[in-house]
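Working notes for the structure below.
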Amino acid sequence: MKRKPVFYLVFFAVLLAGFYLALMATSDFGKVKLPVLSTVHPFSFLRQDSMVINEHSVEGKVYLAEYFFTTCKGICPKMNRNMEAIHKEFSKEKDFLILSHTVDPETDSLAVLRKYADSIGADPSGWWFLTGSKEDLYRAARESYLLDDPENNTKNIKEQFLHTQFFALVDRKGRVRGVYDGLKKDELVQLNADIGKLLKEQ
């Protein structure tokens, strides 16, 4: 007679554990979500193949935004070697893109960007090199991607030169979900993991 209460206790404990595991598997409860840092503003730039690229071109995609210039001898080659590794890691993900914006549009013409992209073996279907007006490029870096202080927009654009080693990770809804140092190994490891998370988000 005493065995029945123990049996029911064990039965309900197993039932409760099963319900909890099912709840965890089918909901976001207990999962750490990446914060929303900003929303990317509408933009329009030219890709290395002369195609116009705007916010609609990346709709529904997870993408990484960076700023560089082709004649850079300092941090840019190191950043883009790390970017190459990310490009290779996610090369089979059709919903992942890399957007590399020039900070020196006067030097980095479309022809120069094409040559640079070819020199590092960038697949044009997944890695785009963008140019446009200096004002628009810098505004996007600061106000959309948070890669520099927006207060710098108040200065004379002709006297500015943006040089940043940070990458911005953007989700399918055009929201910046993380900013990472493109030269630090631990942050790059975290970036790879976060790209995977956002690719699973709907």
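So you can find residues: chains in the structure tokens are A, B, ... in the order shown, residues in each start at 1, and ligands are numbered from 1 in order.
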Near-Asp194 in chain A list (8 Å; only C-alpha atoms; drop same-chain fewer than 4 positions) as a ChimeraX atom specification: /A:34,190,198
Determine, counting only C-alpha atoms, which protein, DNA and RNA residues have an atom within 10 Å of an atom of range 118-130 of chain A; residues of the same chain fewer than 2 positions away are not included. Present the result as a PyMOL selection string. chain A and resi 44-53+63-68+77+80-81+83-84+87-88+90-103+105+108-110+112-116+132+137
Take the residues from that selection and write them out as a short mmCIF file (atom, residue, chain, number, x, y, z; two decimals), in the first residue's frame, keeping N, CA and C atoms.
data_model
loop_
_atom_site.label_atom_id
_atom_site.label_comp_id
_atom_site.auth_asym_id
_atom_site.auth_seq_id
_atom_site.Cartn_x
_atom_site.Cartn_y
_atom_site.Cartn_z
N SER A 44 22.17 53.79 -49.88
CA SER A 44 22.33 53.45 -51.30
C SER A 44 23.79 53.62 -51.68
N PHE A 45 24.43 52.49 -52.02
CA PHE A 45 25.84 52.50 -52.41
C PHE A 45 26.02 51.70 -53.70
N LEU A 46 27.21 51.82 -54.29
CA LEU A 46 27.53 51.05 -55.49
C LEU A 46 28.44 49.89 -55.12
N ARG A 47 28.10 48.71 -55.64
CA ARG A 47 28.91 47.50 -55.43
C ARG A 47 30.02 47.46 -56.46
N GLN A 48 31.03 46.63 -56.26
CA GLN A 48 32.18 46.57 -57.16
C GLN A 48 31.81 46.23 -58.61
N ASP A 49 30.63 45.63 -58.81
CA ASP A 49 30.18 45.30 -60.17
C ASP A 49 29.24 46.37 -60.73
N SER A 50 29.22 47.55 -60.09
CA SER A 50 28.42 48.71 -60.50
C SER A 50 26.93 48.61 -60.15
N MET A 51 26.51 47.55 -59.47
CA MET A 51 25.12 47.42 -59.06
C MET A 51 24.83 48.32 -57.86
N VAL A 52 23.63 48.91 -57.87
CA VAL A 52 23.20 49.73 -56.73
C VAL A 52 22.74 48.80 -55.62
N ILE A 53 23.28 49.02 -54.44
CA ILE A 53 22.94 48.21 -53.26
C ILE A 53 22.28 49.12 -52.22
N TYR A 63 24.21 40.03 -41.98
CA TYR A 63 25.44 40.49 -42.63
C TYR A 63 26.39 41.18 -41.65
N LEU A 64 27.63 41.23 -42.10
CA LEU A 64 28.71 41.84 -41.34
C LEU A 64 29.16 43.08 -42.11
N ALA A 65 29.23 44.23 -41.43
CA ALA A 65 29.66 45.47 -42.07
C ALA A 65 31.02 45.90 -41.52
N GLU A 66 31.89 46.30 -42.42
CA GLU A 66 33.20 46.81 -42.02
C GLU A 66 33.56 48.01 -42.90
N TYR A 67 34.59 48.76 -42.46
CA TYR A 67 35.12 49.90 -43.21
C TYR A 67 36.62 49.73 -43.35
N PHE A 68 37.12 49.99 -44.56
CA PHE A 68 38.54 49.78 -44.85
C PHE A 68 38.91 50.68 -46.03
N PRO A 77 44.72 45.13 -43.84
CA PRO A 77 45.06 43.77 -44.30
C PRO A 77 44.82 42.71 -43.24
N ASN A 80 41.02 42.15 -42.94
CA ASN A 80 40.44 41.40 -44.05
C ASN A 80 40.95 39.97 -44.14
N ARG A 81 42.10 39.68 -43.55
CA ARG A 81 42.50 38.27 -43.42
C ARG A 81 41.55 37.56 -42.47
N MET A 83 38.51 38.56 -41.91
CA MET A 83 37.23 38.54 -42.62
C MET A 83 37.19 37.39 -43.62
N GLU A 84 38.33 37.12 -44.25
CA GLU A 84 38.41 35.98 -45.19
C GLU A 84 38.05 34.67 -44.49
N HIS A 87 34.37 34.61 -44.02
CA HIS A 87 33.78 34.39 -45.35
C HIS A 87 33.82 32.90 -45.71
N LYS A 88 34.96 32.28 -45.45
CA LYS A 88 35.13 30.85 -45.75
C LYS A 88 34.24 29.99 -44.84
N PHE A 90 31.39 30.65 -43.49
CA PHE A 90 29.96 30.74 -43.78
C PHE A 90 29.67 30.81 -45.30
N SER A 91 30.60 30.31 -46.09
CA SER A 91 30.47 30.40 -47.56
C SER A 91 29.25 29.65 -48.10
N LYS A 92 28.78 28.66 -47.38
CA LYS A 92 27.62 27.89 -47.86
C LYS A 92 26.29 28.43 -47.35
N GLU A 93 26.35 29.47 -46.55
CA GLU A 93 25.13 30.08 -46.01
C GLU A 93 24.63 31.16 -46.97
N LYS A 94 23.58 30.85 -47.71
CA LYS A 94 23.07 31.80 -48.71
C LYS A 94 22.47 33.05 -48.08
N ASP A 95 22.17 33.00 -46.78
CA ASP A 95 21.58 34.15 -46.10
C ASP A 95 22.61 34.96 -45.32
N PHE A 96 23.90 34.77 -45.63
CA PHE A 96 24.95 35.54 -44.96
C PHE A 96 25.75 36.34 -45.97
N LEU A 97 26.01 37.61 -45.63
CA LEU A 97 26.77 38.50 -46.50
C LEU A 97 27.82 39.27 -45.70
N ILE A 98 28.83 39.75 -46.43
CA ILE A 98 29.80 40.69 -45.86
C ILE A 98 29.75 41.95 -46.72
N LEU A 99 29.63 43.11 -46.06
CA LEU A 99 29.62 44.39 -46.74
C LEU A 99 30.84 45.17 -46.30
N SER A 100 31.80 45.33 -47.22
CA SER A 100 33.02 46.08 -46.93
C SER A 100 32.92 47.45 -47.60
N HIS A 101 32.82 48.49 -46.79
CA HIS A 101 32.68 49.86 -47.29
C HIS A 101 34.04 50.54 -47.32
N THR A 102 34.33 51.25 -48.40
CA THR A 102 35.57 52.02 -48.42
C THR A 102 35.40 53.31 -47.63
N VAL A 103 36.47 53.74 -46.97
CA VAL A 103 36.46 55.04 -46.30
C VAL A 103 37.15 56.09 -47.18
N PRO A 105 36.58 56.92 -50.86
CA PRO A 105 35.93 56.75 -52.16
C PRO A 105 36.64 57.47 -53.31
N ASP A 108 39.33 54.70 -54.01
CA ASP A 108 38.77 53.37 -54.25
C ASP A 108 37.59 53.42 -55.22
N SER A 109 37.92 53.52 -56.50
CA SER A 109 36.90 53.48 -57.55
C SER A 109 36.35 52.07 -57.66
N LEU A 110 35.32 51.89 -58.47
CA LEU A 110 34.76 50.55 -58.67
C LEU A 110 35.80 49.60 -59.24
N VAL A 112 39.03 49.74 -58.84
CA VAL A 112 40.00 49.44 -57.78
C VAL A 112 39.41 48.42 -56.80
N LEU A 113 38.14 48.59 -56.46
CA LEU A 113 37.49 47.66 -55.55
C LEU A 113 37.37 46.27 -56.16
N ARG A 114 37.07 46.22 -57.46
CA ARG A 114 37.00 44.90 -58.14
C ARG A 114 38.35 44.20 -58.09
N LYS A 115 39.38 44.94 -58.39
CA LYS A 115 40.74 44.36 -58.39
C LYS A 115 41.11 43.87 -56.99
N TYR A 116 40.78 44.66 -55.98
CA TYR A 116 41.08 44.29 -54.60
C TYR A 116 40.32 43.03 -54.21
N GLY A 132 30.52 55.05 -52.38
CA GLY A 132 29.46 56.05 -52.52
C GLY A 132 30.05 57.39 -52.14
N LEU A 137 28.79 57.36 -46.68
CA LEU A 137 29.55 56.24 -46.12
C LEU A 137 29.84 56.46 -44.64
#
From a backbone DSSP assignment, name each residue in range 20-176 of chain A labelled helix (DSSP H, G or I), as a PyMOL selection string. chain A and resi 20-26+75-89+110-119+134-144+150-154+157-159
Expressed in Å, the length from CA of Asn156 in chain A to CA of Arg175 in chain A is 28.3 Å
Among range 19-197 of chain A, which residues carry a DSSP assignment of strand (DSSP E), reported as JSON, numbers by chain? {"A": [38, 39, 44, 45, 46, 47, 52, 53, 54, 62, 63, 64, 65, 66, 67, 68, 96, 97, 98, 99, 100, 101, 102, 127, 128, 129, 130, 131, 166, 167, 168, 169, 170, 175, 176, 177, 178, 179, 180, 181]}
Can I get the selected residues back with N, CA, C and O atoms, as a short mmCIF file (atom, residue, chain, number, x, y, z; two decimals), in the first residue's frame?
data_model
loop_
_atom_site.label_atom_id
_atom_site.label_comp_id
_atom_site.auth_asym_id
_atom_site.auth_seq_id
_atom_site.Cartn_x
_atom_site.Cartn_y
_atom_site.Cartn_z
N SER A 38 21.09 49.12 -32.53
CA SER A 38 20.59 50.19 -33.39
C SER A 38 19.89 49.57 -34.58
O SER A 38 19.95 48.36 -34.79
N THR A 39 19.24 50.42 -35.37
CA THR A 39 18.60 49.96 -36.61
C THR A 39 19.29 50.66 -37.78
O THR A 39 19.53 51.88 -37.73
N SER A 44 22.17 53.79 -49.88
CA SER A 44 22.33 53.45 -51.30
C SER A 44 23.79 53.62 -51.68
O SER A 44 24.33 54.73 -51.64
N PHE A 45 24.43 52.49 -52.02
CA PHE A 45 25.84 52.50 -52.41
C PHE A 45 26.02 51.70 -53.70
O PHE A 45 25.12 50.99 -54.13
N LEU A 46 27.21 51.82 -54.29
CA LEU A 46 27.53 51.05 -55.49
C LEU A 46 28.44 49.89 -55.12
O LEU A 46 29.43 50.07 -54.40
N ARG A 47 28.10 48.71 -55.64
CA ARG A 47 28.91 47.50 -55.43
C ARG A 47 30.02 47.46 -56.46
O ARG A 47 29.96 48.14 -57.48
N VAL A 52 23.63 48.91 -57.87
CA VAL A 52 23.20 49.73 -56.73
C VAL A 52 22.74 48.80 -55.62
O VAL A 52 21.92 47.91 -55.83
N ILE A 53 23.28 49.02 -54.44
CA ILE A 53 22.94 48.21 -53.26
C ILE A 53 22.28 49.12 -52.22
O ILE A 53 22.80 50.18 -51.89
N ASN A 54 21.12 48.68 -51.72
CA ASN A 54 20.44 49.46 -50.68
C ASN A 54 19.91 48.52 -49.60
O ASN A 54 20.21 47.32 -49.61
N VAL A 62 21.54 38.03 -42.85
CA VAL A 62 22.43 38.37 -41.76
C VAL A 62 23.71 38.86 -42.42
O VAL A 62 24.22 38.22 -43.33
N TYR A 63 24.21 40.03 -41.98
CA TYR A 63 25.44 40.49 -42.63
C TYR A 63 26.39 41.18 -41.65
O TYR A 63 26.00 41.61 -40.57
N LEU A 64 27.63 41.23 -42.10
CA LEU A 64 28.71 41.84 -41.34
C LEU A 64 29.16 43.08 -42.11
O LEU A 64 29.41 43.00 -43.31
N ALA A 65 29.23 44.23 -41.43
CA ALA A 65 29.66 45.47 -42.07
C ALA A 65 31.02 45.90 -41.52
O ALA A 65 31.25 45.85 -40.31
N GLU A 66 31.89 46.30 -42.42
CA GLU A 66 33.20 46.81 -42.02
C GLU A 66 33.56 48.01 -42.90
O GLU A 66 32.95 48.24 -43.94
N TYR A 67 34.59 48.76 -42.46
CA TYR A 67 35.12 49.90 -43.21
C TYR A 67 36.62 49.73 -43.35
O TYR A 67 37.31 49.39 -42.39
N PHE A 68 37.12 49.99 -44.56
CA PHE A 68 38.54 49.78 -44.85
C PHE A 68 38.91 50.68 -46.03
O PHE A 68 38.06 51.37 -46.59
N PHE A 96 23.90 34.77 -45.63
CA PHE A 96 24.95 35.54 -44.96
C PHE A 96 25.75 36.34 -45.97
O PHE A 96 26.13 35.83 -47.02
N LEU A 97 26.01 37.61 -45.63
CA LEU A 97 26.77 38.50 -46.50
C LEU A 97 27.82 39.27 -45.70
O LEU A 97 27.70 39.43 -44.49
N ILE A 98 28.83 39.75 -46.43
CA ILE A 98 29.80 40.69 -45.86
C ILE A 98 29.75 41.95 -46.72
O ILE A 98 29.81 41.87 -47.94
N LEU A 99 29.63 43.11 -46.06
CA LEU A 99 29.62 44.39 -46.74
C LEU A 99 30.84 45.17 -46.30
O LEU A 99 30.93 45.61 -45.15
N SER A 100 31.80 45.33 -47.22
CA SER A 100 33.02 46.08 -46.93
C SER A 100 32.92 47.45 -47.60
O SER A 100 32.91 47.54 -48.83
N HIS A 101 32.82 48.49 -46.79
CA HIS A 101 32.68 49.86 -47.29
C HIS A 101 34.04 50.54 -47.32
O HIS A 101 34.81 50.44 -46.36
N THR A 102 34.33 51.25 -48.40
CA THR A 102 35.57 52.02 -48.42
C THR A 102 35.40 53.31 -47.63
O THR A 102 34.32 53.91 -47.62
N TRP A 127 30.35 38.46 -50.70
CA TRP A 127 31.19 39.50 -50.14
C TRP A 127 31.18 40.69 -51.08
O TRP A 127 31.70 40.62 -52.18
N TRP A 128 30.55 41.77 -50.64
CA TRP A 128 30.38 42.96 -51.48
C TRP A 128 31.28 44.09 -51.00
O TRP A 128 31.40 44.34 -49.81
N PHE A 129 31.87 44.80 -51.97
CA PHE A 129 32.71 45.95 -51.69
C PHE A 129 31.98 47.19 -52.19
O PHE A 129 31.63 47.28 -53.37
N LEU A 130 31.74 48.13 -51.29
CA LEU A 130 30.83 49.24 -51.58
C LEU A 130 31.52 50.60 -51.53
O LEU A 130 32.41 50.83 -50.72
N THR A 131 31.04 51.48 -52.40
CA THR A 131 31.49 52.86 -52.39
C THR A 131 30.29 53.78 -52.59
O THR A 131 29.19 53.33 -52.92
N PHE A 166 36.62 47.83 -36.16
CA PHE A 166 35.45 47.13 -35.65
C PHE A 166 34.51 46.65 -36.77
O PHE A 166 34.40 47.29 -37.83
N PHE A 167 33.87 45.52 -36.51
CA PHE A 167 32.86 44.94 -37.40
C PHE A 167 31.49 45.04 -36.73
O PHE A 167 31.38 44.84 -35.52
N ALA A 168 30.47 45.33 -37.52
CA ALA A 168 29.09 45.37 -36.99
C ALA A 168 28.31 44.19 -37.55
O ALA A 168 28.33 43.93 -38.76
N LEU A 169 27.62 43.48 -36.67
CA LEU A 169 26.81 42.32 -37.06
C LEU A 169 25.34 42.72 -37.11
O LEU A 169 24.79 43.21 -36.12
N VAL A 170 24.71 42.50 -38.26
CA VAL A 170 23.34 42.94 -38.50
C VAL A 170 22.44 41.73 -38.74
O VAL A 170 22.82 40.79 -39.46
N ARG A 175 18.86 45.12 -37.95
CA ARG A 175 19.21 45.65 -36.64
C ARG A 175 20.63 45.23 -36.26
O ARG A 175 20.99 44.07 -36.42
N VAL A 176 21.41 46.17 -35.78
CA VAL A 176 22.77 45.84 -35.32
C VAL A 176 22.66 45.11 -33.99
O VAL A 176 22.07 45.61 -33.03
N ARG A 177 23.26 43.92 -33.94
CA ARG A 177 23.14 43.08 -32.74
C ARG A 177 24.48 42.89 -32.02
O ARG A 177 24.53 42.27 -30.96
N GLY A 178 25.54 43.43 -32.60
CA GLY A 178 26.84 43.33 -31.94
C GLY A 178 27.90 44.09 -32.70
O GLY A 178 27.81 44.23 -33.92
N VAL A 179 28.91 44.60 -31.96
CA VAL A 179 30.07 45.26 -32.56
C VAL A 179 31.31 44.57 -32.00
O VAL A 179 31.42 44.38 -30.78
N TYR A 180 32.24 44.19 -32.87
CA TYR A 180 33.36 43.34 -32.48
C TYR A 180 34.67 43.91 -32.99
O TYR A 180 34.73 44.46 -34.08
N ASP A 181 35.71 43.73 -32.21
CA ASP A 181 37.05 44.14 -32.61
C ASP A 181 37.56 43.11 -33.63
O ASP A 181 37.74 41.94 -33.30
#
One residue among A:Gln202, A:Thr107, A:Ser144, A:Asn152 is nearest to Lys173 in chain A when using only C-alpha atoms, and that residue is A:Gln202
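For the atom pair formed by CA of Leu191 in chain A and CA of Leu37 in chain A, the distance is 15.1 Å, given to one decimal.
Note that the spacing between CA of Glu135 in chain A and CA of His41 in chain A amounts to 13.9 Å.
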Measuring atom to atom with only C-alpha atoms, identify which of A:Ser133, A:Tyr145, A:Gly74, A:Arg172 is nearest to Lys158 in chain A. A:Ser133
